[in-house]
file my_file_26.csv (CSV, C-alpha atoms and all ligand atoms)
chain,number,residue,atom,x,y,z
A,1,MET,CA,-30.5,81.9,-4.2
A,2,ARG,CA,-29.9,81.3,-7.9
A,3,SER,CA,-26.1,81.7,-7.3
A,4,LYS,CA,-26.2,77.9,-6.6
A,5,VAL,CA,-27.2,77.5,-10.3
A,6,THR,CA,-24.8,80.0,-11.9
A,7,GLY,CA,-21.9,78.7,-9.8
A,8,ALA,CA,-22.5,75.0,-10.4
A,9,GLN,CA,-19.6,73.3,-12.2
A,10,ARG,CA,-21.0,69.9,-12.9
A,11,TRP,CA,-24.5,69.5,-14.3
A,12,VAL,CA,-26.6,66.5,-15.0
A,13,VAL,CA,-29.3,67.4,-17.6
A,14,LYS,CA,-32.2,65.1,-17.8
A,15,ILE,CA,-34.6,65.3,-20.8
A,16,GLY,CA,-37.9,63.4,-20.6
A,17,SER,CA,-39.8,61.6,-23.3
A,18,ALA,CA,-42.6,64.1,-23.3
A,19,LEU,CA,-40.2,66.7,-24.6
A,20,LEU,CA,-37.9,64.7,-26.8
A,21,THR,CA,-40.6,63.3,-29.0
A,22,ALA,CA,-42.7,65.9,-30.8
A,23,ASP,CA,-46.1,64.6,-29.5
A,24,GLY,CA,-45.3,61.0,-30.4
A,25,LYS,CA,-44.1,61.9,-33.9
A,26,GLY,CA,-40.6,60.6,-33.5
A,27,LEU,CA,-37.6,62.6,-32.1
A,28,ASP,CA,-37.9,66.3,-32.2
A,29,ARG,CA,-34.5,66.9,-33.8
A,30,GLN,CA,-34.9,70.6,-34.0
A,31,ALA,CA,-35.5,70.9,-30.3
A,32,MET,CA,-32.5,68.6,-29.7
A,33,ALA,CA,-30.3,70.9,-31.8
A,34,VAL,CA,-31.3,73.9,-29.7
A,35,TRP,CA,-30.5,72.1,-26.4
A,36,VAL,CA,-27.2,70.9,-27.9
A,37,GLU,CA,-26.2,74.4,-28.9
A,38,GLN,CA,-26.8,75.5,-25.3
A,39,MET,CA,-25.0,72.5,-23.8
A,40,VAL,CA,-22.0,73.2,-26.0
A,41,ALA,CA,-22.0,76.8,-24.8
A,42,LEU,CA,-22.1,75.6,-21.2
A,43,HIS,CA,-19.2,73.2,-22.0
A,44,GLU,CA,-17.2,76.1,-23.4
A,45,ALA,CA,-17.9,78.0,-20.2
A,46,GLY,CA,-16.2,75.2,-18.3
A,47,VAL,CA,-19.3,73.4,-17.1
A,48,GLU,CA,-18.9,69.6,-17.0
A,49,LEU,CA,-22.0,67.9,-18.5
A,50,VAL,CA,-23.7,64.6,-18.3
A,51,LEU,CA,-26.9,64.1,-20.3
A,52,VAL,CA,-29.7,61.6,-19.2
A,53,SER,CA,-31.9,61.2,-22.2
A,54,SER,CA,-35.2,59.3,-22.2
A,55,GLY,CA,-37.2,58.8,-25.4
A,56,ALA,CA,-36.1,55.4,-26.6
A,57,VAL,CA,-39.5,53.8,-26.3
A,58,ALA,CA,-41.2,56.8,-27.9
A,59,ALA,CA,-38.6,56.9,-30.7
A,60,GLY,CA,-38.9,53.1,-31.3
A,61,MET,CA,-42.7,53.4,-31.4
A,62,SER,CA,-42.5,55.9,-34.1
A,63,ARG,CA,-39.9,53.9,-36.1
A,64,LEU,CA,-42.3,50.9,-35.9
A,65,GLY,CA,-45.3,53.1,-36.8
A,66,TRP,CA,-47.0,52.3,-33.5
A,67,THR,CA,-49.4,55.0,-32.3
A,68,SER,CA,-50.1,53.8,-28.8
A,69,ARG,CA,-47.7,52.7,-26.1
A,70,PRO,CA,-47.8,48.9,-25.8
A,71,SER,CA,-48.5,47.4,-22.5
A,72,ALA,CA,-46.7,44.1,-23.0
A,73,MET,CA,-43.2,44.3,-21.5
A,74,HIS,CA,-41.4,42.5,-24.3
A,75,GLU,CA,-42.9,45.0,-26.8
A,76,LEU,CA,-41.8,48.0,-24.7
A,77,GLN,CA,-38.4,46.5,-24.5
A,78,ALA,CA,-38.2,45.9,-28.2
A,79,ALA,CA,-39.4,49.4,-28.9
A,80,ALA,CA,-36.7,50.8,-26.5
A,81,ALA,CA,-34.0,48.7,-28.2
A,82,ILE,CA,-35.0,50.0,-31.6
A,83,GLY,CA,-35.5,53.6,-30.5
A,84,GLN,CA,-32.2,53.8,-28.6
A,85,MET,CA,-30.3,53.5,-31.9
A,86,GLY,CA,-32.1,56.6,-33.3
A,87,LEU,CA,-31.8,58.4,-30.0
A,88,VAL,CA,-28.0,58.2,-29.7
A,89,GLN,CA,-27.5,58.7,-33.4
A,90,ALA,CA,-29.5,62.0,-33.1
A,91,TRP,CA,-27.5,63.2,-30.1
A,92,GLU,CA,-24.1,62.2,-31.6
A,93,SER,CA,-24.7,63.9,-34.9
A,94,SER,CA,-26.1,67.0,-33.3
A,95,PHE,CA,-23.1,67.3,-31.0
A,96,ALA,CA,-20.7,66.5,-33.8
A,97,GLU,CA,-21.8,69.6,-35.6
A,98,HIS,CA,-20.1,71.5,-32.8
A,99,GLY,CA,-17.1,69.2,-32.8
A,100,ARG,CA,-18.1,67.4,-29.7
A,101,HIS,CA,-18.2,63.6,-29.1
A,102,THR,CA,-20.8,61.7,-27.1
A,103,ALA,CA,-20.7,58.3,-25.4
A,104,GLN,CA,-23.6,56.0,-24.8
A,105,ILE,CA,-24.0,54.6,-21.3
A,106,LEU,CA,-26.9,52.3,-20.5
A,107,LEU,CA,-27.5,51.7,-16.8
A,108,THR,CA,-29.8,50.0,-14.4
A,109,HIS,CA,-30.6,50.9,-10.8
A,110,ASP,CA,-28.8,47.7,-9.8
A,111,ASP,CA,-25.6,48.9,-11.4
A,112,LEU,CA,-25.7,51.8,-9.0
A,113,SER,CA,-26.5,49.9,-5.8
A,114,ASP,CA,-23.8,47.3,-6.3
A,115,ARG,CA,-20.6,48.9,-4.8
A,116,LYS,CA,-18.2,47.5,-7.3
A,117,ARG,CA,-20.3,48.3,-10.4
A,118,TYR,CA,-21.0,51.8,-8.9
A,119,LEU,CA,-17.3,52.5,-8.7
A,120,ASN,CA,-16.7,51.2,-12.2
A,121,ALA,CA,-19.5,53.4,-13.6
A,122,ARG,CA,-18.1,56.3,-11.6
A,123,SER,CA,-14.6,56.0,-13.0
A,124,THR,CA,-15.8,55.6,-16.6
A,125,LEU,CA,-18.0,58.6,-16.3
A,126,ARG,CA,-15.3,60.7,-14.7
A,127,ALA,CA,-12.9,59.6,-17.5
A,128,LEU,CA,-15.4,60.7,-20.1
A,129,VAL,CA,-16.1,64.0,-18.5
A,130,GLU,CA,-12.3,64.6,-18.3
A,131,LEU,CA,-12.0,63.8,-22.0
A,132,LYS,CA,-14.6,66.5,-22.6
A,133,VAL,CA,-17.0,63.9,-24.1
A,134,ILE,CA,-20.7,64.2,-23.3
A,135,PRO,CA,-22.0,61.0,-21.8
A,136,VAL,CA,-25.6,60.2,-22.9
A,137,ILE,CA,-27.2,58.0,-20.4
A,138,ASN,CA,-30.5,56.0,-20.5
A,139,GLU,CA,-31.8,53.0,-18.7
A,140,ASN,CA,-30.8,49.6,-20.1
A,141,ASP,CA,-34.3,48.8,-20.9
A,142,THR,CA,-33.5,45.3,-22.4
A,143,VAL,CA,-32.6,43.9,-18.9
A,144,VAL,CA,-34.9,45.9,-16.7
A,145,THR,CA,-38.7,45.9,-16.5
A,146,ASP,CA,-39.7,48.2,-13.6
A,147,GLU,CA,-38.1,51.2,-15.1
A,148,ILE,CA,-39.9,51.2,-18.4
A,149,ARG,CA,-43.1,50.3,-16.7
A,150,PHE,CA,-42.8,53.2,-14.3
A,151,GLY,CA,-40.8,55.3,-16.8
A,152,ASP,CA,-38.5,56.6,-14.2
A,153,ASN,CA,-35.5,58.3,-15.8
A,154,ASP,CA,-35.9,61.0,-13.1
A,155,THR,CA,-34.7,58.6,-10.5
A,156,LEU,CA,-31.9,57.4,-12.8
A,157,ALA,CA,-30.8,61.0,-13.3
A,158,ALA,CA,-30.7,61.6,-9.6
A,159,LEU,CA,-28.6,58.5,-9.1
A,160,VAL,CA,-26.3,59.7,-11.8
A,161,ALA,CA,-26.0,63.0,-10.0
A,162,ASN,CA,-25.0,61.2,-6.9
A,163,LEU,CA,-22.6,59.1,-8.9
A,164,VAL,CA,-20.7,61.9,-10.5
A,165,GLU,CA,-21.1,64.2,-7.5
A,166,ALA,CA,-22.9,66.8,-9.7
A,167,ASP,CA,-23.8,70.1,-8.0
A,168,LEU,CA,-26.8,70.6,-10.2
A,169,LEU,CA,-29.5,68.3,-11.6
A,170,VAL,CA,-31.6,70.0,-14.3
A,171,ILE,CA,-34.8,68.1,-15.2
A,172,LEU,CA,-36.2,69.5,-18.4
A,173,THR,CA,-39.9,68.7,-18.8
A,174,ASP,CA,-43.0,69.8,-20.7
A,175,ARG,CA,-44.2,72.3,-18.0
A,176,ASP,CA,-42.5,75.4,-16.8
A,177,GLY,CA,-41.7,73.7,-13.5
A,178,MET,CA,-43.5,72.3,-10.5
A,179,PHE,CA,-46.8,74.0,-9.9
A,180,ASP,CA,-48.8,74.1,-6.7
A,181,ALA,CA,-51.3,71.7,-8.4
A,182,ASP,CA,-51.2,69.6,-11.5
A,183,PRO,CA,-51.6,72.2,-14.3
A,184,ARG,CA,-53.4,69.7,-16.5
A,185,ASN,CA,-56.5,69.9,-14.3
A,186,ASN,CA,-55.9,73.3,-12.6
A,187,PRO,CA,-55.5,76.2,-15.0
A,188,ASP,CA,-54.9,78.6,-12.0
A,189,ALA,CA,-52.0,76.5,-10.6
A,190,LYS,CA,-49.0,78.7,-9.7
A,191,LEU,CA,-45.3,77.9,-10.3
A,192,ILE,CA,-43.3,77.2,-7.2
A,193,TYR,CA,-40.0,79.1,-7.7
A,194,GLU,CA,-38.0,77.8,-4.8
A,195,ALA,CA,-38.4,75.2,-2.1
A,196,ARG,CA,-36.4,72.9,0.1
A,197,ALA,CA,-36.4,69.4,-1.5
A,198,ASP,CA,-37.4,67.8,1.8
A,199,ASP,CA,-40.4,70.1,2.4
A,200,PRO,CA,-43.3,67.6,3.1
A,201,ALA,CA,-45.8,70.1,1.7
A,202,LEU,CA,-44.5,69.3,-1.8
A,203,ASP,CA,-45.8,65.7,-1.6
A,204,ALA,CA,-49.4,66.9,-2.0
A,205,VAL,CA,-48.7,69.1,-5.0
A,206,ALA,CA,-46.8,66.5,-6.9
A,207,GLY,CA,-49.5,63.9,-6.6
A,208,GLY,CA,-50.4,63.0,-10.2
A,209,THR,CA,-48.4,60.8,-12.6
A,210,GLY,CA,-47.1,61.7,-16.0
A,211,GLY,CA,-48.6,62.4,-19.4
A,212,ALA,CA,-49.2,60.1,-22.4
A,213,LEU,CA,-45.5,59.8,-23.4
A,214,GLY,CA,-43.6,60.5,-20.2
A,215,ARG,CA,-44.4,58.2,-17.3
A,216,GLY,CA,-43.1,59.6,-14.1
A,217,GLY,CA,-44.9,62.9,-13.6
A,218,MET,CA,-43.9,65.3,-10.9
A,219,GLN,CA,-43.9,62.7,-8.2
A,220,THR,CA,-40.7,61.0,-9.6
A,221,LYS,CA,-39.2,64.4,-10.2
A,222,LEU,CA,-39.7,65.4,-6.5
A,223,ARG,CA,-38.3,62.0,-5.4
A,224,ALA,CA,-35.3,62.6,-7.8
A,225,ALA,CA,-34.7,66.0,-6.2
A,226,ARG,CA,-34.7,64.4,-2.8
A,227,LEU,CA,-32.3,61.7,-3.9
A,228,ALA,CA,-30.0,64.3,-5.5
A,229,ALA,CA,-30.1,66.4,-2.3
A,230,ARG,CA,-28.7,63.4,-0.4
A,231,SER,CA,-25.3,64.1,-2.1
A,232,GLY,CA,-25.8,67.9,-1.7
A,233,ALA,CA,-27.0,68.6,-5.3
A,234,HIS,CA,-29.6,71.3,-6.1
A,235,THR,CA,-32.3,70.3,-8.6
A,236,ILE,CA,-34.1,72.6,-11.1
A,237,ILE,CA,-37.3,71.4,-12.7
A,238,VAL,CA,-37.9,73.6,-15.7
A,239,GLY,CA,-39.7,73.8,-19.0
A,240,GLY,CA,-37.5,72.4,-21.8
A,241,ARG,CA,-39.3,74.4,-24.4
A,242,LEU,CA,-38.7,77.8,-22.8
A,243,GLU,CA,-36.5,79.8,-25.1
A,244,ARG,CA,-32.8,79.4,-24.4
A,245,VAL,CA,-33.6,77.6,-21.2
A,246,LEU,CA,-30.1,76.4,-20.3
A,247,ASP,CA,-28.5,79.7,-21.1
A,248,ARG,CA,-31.0,81.5,-18.9
A,249,LEU,CA,-30.4,79.2,-16.0
A,250,LYS,CA,-26.7,79.7,-16.3
A,251,SER,CA,-27.1,83.4,-16.2
A,252,GLY,CA,-29.1,83.2,-13.0
A,253,GLU,CA,-32.6,83.9,-14.4
A,254,ARG,CA,-35.4,82.9,-12.0
A,255,ILE,CA,-37.1,80.3,-14.2
A,256,GLY,CA,-38.3,76.9,-13.2
A,257,THR,CA,-38.5,75.4,-9.7
A,258,LEU,CA,-35.2,75.2,-7.7
A,259,LEU,CA,-35.2,72.5,-5.0
A,260,SER,CA,-32.4,72.9,-2.5
A,261,PRO,CA,-30.6,70.3,-0.3
A,262,GLU,CA,-30.4,70.9,3.4
A,263,ARG,CA,-26.7,70.2,3.6
A,264,GLY,CA,-23.6,71.0,1.5
A,265,MET,CA,-22.2,68.5,-0.9
A,266,LEU,CA,-19.3,66.9,0.9
A,267,ALA,CA,-21.1,66.9,4.3
A,268,ALA,CA,-24.1,65.1,2.7
A,269,ARG,CA,-22.0,62.5,1.0
A,270,LYS,CA,-20.0,61.8,4.1
A,271,GLN,CA,-23.1,61.4,6.2
A,272,TRP,CA,-24.4,59.0,3.6
A,273,LEU,CA,-21.1,57.0,3.7
A,274,ALA,CA,-21.1,57.0,7.5
A,275,GLY,CA,-24.7,55.8,7.8
A,276,HIS,CA,-24.8,53.2,5.1
A,277,LEU,CA,-21.9,50.8,5.1
A,278,GLN,CA,-20.5,48.0,7.2
A,279,THR,CA,-16.7,47.8,7.5
A,280,ARG,CA,-15.1,44.8,5.9
A,281,GLY,CA,-11.4,45.1,6.7
A,282,THR,CA,-8.6,47.2,8.2
A,283,LEU,CA,-5.7,49.1,6.7
A,284,VAL,CA,-2.8,49.8,9.1
A,285,LEU,CA,-1.1,53.1,8.0
A,286,ASP,CA,2.4,54.4,8.6
A,287,ALA,CA,2.9,57.7,10.5
A,288,GLY,CA,3.2,59.7,7.3
A,289,ALA,CA,-0.1,58.5,6.0
A,290,VAL,CA,-1.7,59.2,9.4
A,291,SER,CA,-0.8,62.8,9.3
A,292,ALA,CA,-1.6,63.2,5.6
A,293,LEU,CA,-5.1,62.0,6.4
A,294,SER,CA,-5.8,63.7,9.7
A,295,GLN,CA,-4.0,67.0,9.1
A,296,GLY,CA,-3.6,67.2,5.3
A,297,ASN,CA,-7.1,66.1,4.3
A,298,LYS,CA,-5.4,63.9,1.7
A,299,SER,CA,-6.3,60.7,0.0
A,300,LEU,CA,-4.8,57.5,1.2
A,301,LEU,CA,-2.1,56.2,-1.2
A,302,PRO,CA,-0.9,52.6,-1.2
A,303,VAL,CA,2.6,53.8,-0.3
A,304,GLY,CA,1.4,54.8,3.2
A,305,VAL,CA,-0.2,51.4,4.1
A,306,LYS,CA,1.8,48.8,6.1
A,307,LEU,CA,-0.7,46.0,6.5
A,308,VAL,CA,-4.0,44.8,5.1
A,309,GLN,CA,-6.4,42.8,7.3
A,310,GLY,CA,-9.7,41.2,6.5
A,311,SER,CA,-11.4,40.4,3.2
A,312,PHE,CA,-13.0,43.2,1.3
A,313,ARG,CA,-13.9,43.9,-2.3
A,314,ARG,CA,-13.4,47.0,-4.3
A,315,GLY,CA,-16.0,49.6,-3.2
A,316,GLU,CA,-16.4,48.2,0.4
A,317,MET,CA,-15.8,50.1,3.5
A,318,VAL,CA,-12.5,49.7,5.4
A,319,VAL,CA,-11.2,51.1,8.7
A,320,CYS,CA,-7.9,53.0,8.6
A,321,VAL,CA,-5.8,52.7,11.8
A,322,ALA,CA,-2.6,54.2,13.0
A,323,PRO,CA,0.4,51.9,13.8
A,324,ASP,CA,-0.8,51.8,17.5
A,325,GLY,CA,-4.2,50.6,16.4
A,326,ARG,CA,-6.0,53.9,16.9
A,327,GLU,CA,-8.8,54.4,14.4
A,328,ILE,CA,-8.1,57.4,12.1
A,329,ALA,CA,-10.7,57.2,9.3
A,330,ARG,CA,-13.1,55.0,7.4
A,331,GLY,CA,-13.5,54.9,3.7
A,332,LEU,CA,-14.3,53.0,0.5
A,333,ALA,CA,-11.4,51.0,-0.9
A,334,ASN,CA,-10.6,51.3,-4.6
A,335,TYR,CA,-9.0,47.9,-4.6
A,336,SER,CA,-9.9,44.5,-3.1
A,337,ALA,CA,-8.0,43.1,-0.1
A,338,LEU,CA,-6.0,40.8,-2.3
A,339,GLU,CA,-5.1,43.6,-4.7
A,340,ALA,CA,-4.3,46.0,-1.8
A,341,GLN,CA,-1.9,43.4,-0.4
A,342,LYS,CA,0.1,43.5,-3.6
A,343,ILE,CA,0.3,47.3,-3.9
A,344,ILE,CA,0.9,48.5,-0.3
A,345,GLY,CA,4.2,50.2,0.4
A,346,GLN,CA,4.5,51.0,-3.3
A,347,SER,CA,4.2,54.2,-5.3
A,348,SER,CA,1.0,54.5,-7.3
A,349,ASP,CA,3.1,54.4,-10.5
A,350,ALA,CA,3.9,50.8,-9.8
A,351,ILE,CA,0.2,49.7,-9.6
A,352,VAL,CA,-0.1,48.9,-13.3
A,353,GLY,CA,3.0,46.7,-13.2
A,354,LEU,CA,1.8,44.9,-10.0
A,355,LEU,CA,-1.9,44.3,-10.9
A,356,GLY,CA,-1.9,44.6,-14.7
A,357,TYR,CA,-4.3,47.6,-14.5
A,358,MET,CA,-4.9,50.6,-12.4
A,359,ALA,CA,-8.4,51.6,-11.1
A,360,GLU,CA,-7.3,54.7,-9.3
A,361,PRO,CA,-3.9,56.0,-8.0
A,362,GLU,CA,-5.4,56.2,-4.5
A,363,LEU,CA,-6.3,53.2,-2.3
A,364,VAL,CA,-9.0,55.4,-0.7
A,365,HIS,CA,-10.0,58.7,-2.3
A,366,ARG,CA,-10.4,61.6,0.1
A,367,ASP,CA,-14.0,62.2,-1.1
A,368,ASN,CA,-14.8,58.7,0.1
A,369,LEU,CA,-13.0,59.1,3.5
A,370,ILE,CA,-14.6,60.0,6.8
A,371,LEU,CA,-12.2,61.1,9.5
A,372,VAL,CA,-13.0,59.7,12.9
B,1,LIG,N1,-47.7,69.9,-9.5
B,1,LIG,C1,-47.4,69.6,-10.8
B,1,LIG,N2,-46.7,70.6,-11.5
B,1,LIG,C2,-46.4,70.4,-12.8
B,1,LIG,N3,-46.7,69.3,-13.5
B,1,LIG,C3,-47.3,68.3,-12.9
B,1,LIG,C4,-47.7,68.4,-11.5
B,1,LIG,N4,-48.3,67.3,-11.1
B,1,LIG,C5,-48.4,66.5,-12.2
B,1,LIG,N5,-47.8,67.1,-13.3
B,1,LIG,C6,-47.7,66.5,-14.6
B,1,LIG,O1,-46.3,65.9,-14.8
B,1,LIG,C7,-46.1,66.0,-16.3
B,1,LIG,C8,-44.6,65.8,-16.5
B,1,LIG,O2,-44.2,64.6,-16.3
B,1,LIG,P1,-43.9,63.5,-17.4
B,1,LIG,O3,-45.1,63.4,-18.3
B,1,LIG,O4,-43.4,62.2,-16.7
B,1,LIG,O5,-42.7,64.1,-18.2
B,1,LIG,P2,-41.2,63.7,-18.6
B,1,LIG,O6,-41.3,62.9,-19.8
B,1,LIG,O7,-40.6,65.1,-18.8
B,1,LIG,O8,-40.6,63.0,-17.4
B,1,LIG,C9,-46.7,67.3,-16.7
B,1,LIG,O9,-47.1,67.3,-18.0
B,1,LIG,C10,-47.8,67.5,-15.7
B,1,LIG,O10,-49.1,67.3,-16.3
B,2,LIG,N1,-35.9,54.5,-20.7
B,2,LIG,C1,-37.2,54.6,-21.3
B,2,LIG,C2,-38.3,55.1,-20.5
B,2,LIG,C3,-38.0,56.3,-19.6
B,2,LIG,C4,-39.1,57.3,-19.4
B,2,LIG,O1,-40.2,57.2,-19.9
B,2,LIG,O2,-38.8,58.4,-18.6
B,2,LIG,P1,-39.4,59.9,-18.6
B,2,LIG,O3,-40.0,60.2,-19.9
B,2,LIG,O4,-38.2,60.6,-18.3
B,2,LIG,O5,-40.4,59.9,-17.5
B,2,LIG,C5,-37.1,55.4,-22.7
B,2,LIG,O6,-36.0,55.9,-23.0
B,2,LIG,O7,-38.0,55.4,-23.4
call {"tool": "encode", "arguments": {"input": "my_file_26.csv", "output": "structure tokens"}}
result
Amino acid sequence: MRSKVTGAQRWVVKIGSALLTADGKGLDRQAMAVWVEQMVALHEAGVELVLVSSGAVAAGMSRLGWTSRPSAMHELQAAAAIGQMGLVQAWESSFAEHGRHTAQILLTHDDLSDRKRYLNARSTLRALVELKVIPVINENDTVVTDEIRFGDNDTLAALVANLVEADLLVILTDRDGMFDADPRNNPDAKLIYEARADDPALDAVAGGTGGALGRGGMQTKLRAARLAARSGAHTIIVGGRLERVLDRLKSGERIGTLLSPERGMLAARKQWLAGHLQTRGTLVLDAGAVSALSQGNKSLLPVGVKLVQGSFRRGEMVVCVAPDGREIARGLANYSALEAQKIIGQSSDAIVGLLGYMAEPELVHRDNLILV
């Protein structure tokens, strides 16, 4: 069962406010250094890492000397803006001690539901991961309100796991995992080691909300695991203060709660693609592209497209047809219809010259293609 954890190549690690701030006394830099050391070891072992870090509001409160979380939205947002500085500084300097760079990414849920912004965030994150830089993601609290009100970086982390096609989402929190009842009020509560993310019995055990600093509680963590499962990722909810927690997960130790998806990664993603999008245009392929897609399981390159029909934007769904009009596949276009018209029939090396930039060498990436 834990082979899914030991074998995972791309991890999203989410660290909640409850853990990052030593009981409201500012950032717990010592704890951060310990996680960083383990994340660097994972990196060295070839694991690709994306970090989702909460703690901006809590760090800001401590910088301002506030002892209780304000309820006014503008005060929360101000605290987040102040605290985010300290938060990224702390991560950057801690990773720098191991010769690693970090990159700050602030996202909102809207960024991930708009197809174009989704693809842009996805290519930036992919580029960072390829550069071996560790992206440090938080919500863009200045422009959103619901998230800091509900304190829901769990959901953000799951959306990021979908975005980067992570195989594992690790949610570090202040309890050892998900218990069969809220351990705050039930001292006899037992840890759930493994479950299917979609098991309805979990709804009842994850009832309560979060603690004084964190906001989401187990409910948002369960919802996050279900969201992550939609792209085939496994989720581990585990105690961030457990000794060498990330090392132990990597070596397959049975700690925390493992929540499994019902389907494999690509199957889940393609099902999501198939069910969720309307088609906006058509690409007429040449014979070579038809066989590359249907037999070779390849991406669609601009060179294999003869004609572009319809009006679509980057990130929208298009139908790919053979020269005789037979539908071959559907997929998400990396370029708008206007751009596609300029690059079809050309090699991918020519894209920069033709458009002035290159989003991706493929017109439709094979991960975003569903064969019909
Ligand atoms: N079934 C459960 N198992 C474990 N913890 C639970 C459960 N139900 C509610 N909780 C509460 O959720 C809290 C963790 O969530 P939260 O405070 O939002 O932390 P974080 O900042 O890590 O997101 C725990 O401290 C715990 O009291
Ligand atoms: N984005 C905000 C709030 C996020 C939040 O509280 O989330 P969490 O502690 O993970 O439940 C922050 O950094 O403080």
call {"tool": "atom_distance", "arguments": {"input": "my_file_26.csv", "atom1": "atom CA of Val88 of chain A", "atom2": "atom CA of Leu19 of chain A"}}
result
15.7 Å
call {"tool": "atom_distance", "arguments": {"input": "my_file_26.csv", "atom1": "atom CA of Pro323 of chain A", "atom2": "atom CA of Val305 of chain A"}}
result
9.7 Å
call {"tool": "residues_around", "arguments": {"input": "my_file_26.csv", "residues": "Ile328 of chain A", "least_positions_apart": "2", "cutoff": "7 Å", "atoms": "all atoms listed in the file", "output": "list of chain:residue names"}}
result
A:Cys320, A:Val321, A:Ala322, A:Arg326, A:Leu371, A:Val372
call {"tool": "atom_distance", "arguments": {"input": "my_file_26.csv", "atom1": "atom CA of Arg314 of chain A", "atom2": "atom CA of Asn334 of chain A"}}
result
5.1 Å
call {"tool": "closest_residue", "arguments": {"input": "my_file_26.csv", "among": "A:Ala78, A:Ala204, A:Val284, A:Ala121", "to": "ligand LIG 1 (chain B)", "atoms": "only C-alpha atoms and all ligand atoms"}}
result
A:Ala204
call {"tool": "residues_around", "arguments": {"input": "my_file_26.csv", "residues": "Ala81 of chain A", "least_positions_apart": "4", "cutoff": "12 Å", "atoms": "all atoms listed in the file", "output": "ChimeraX atom specification"}}
result
/A:55-61,63-64,74-77,85-88,106,138-144,148
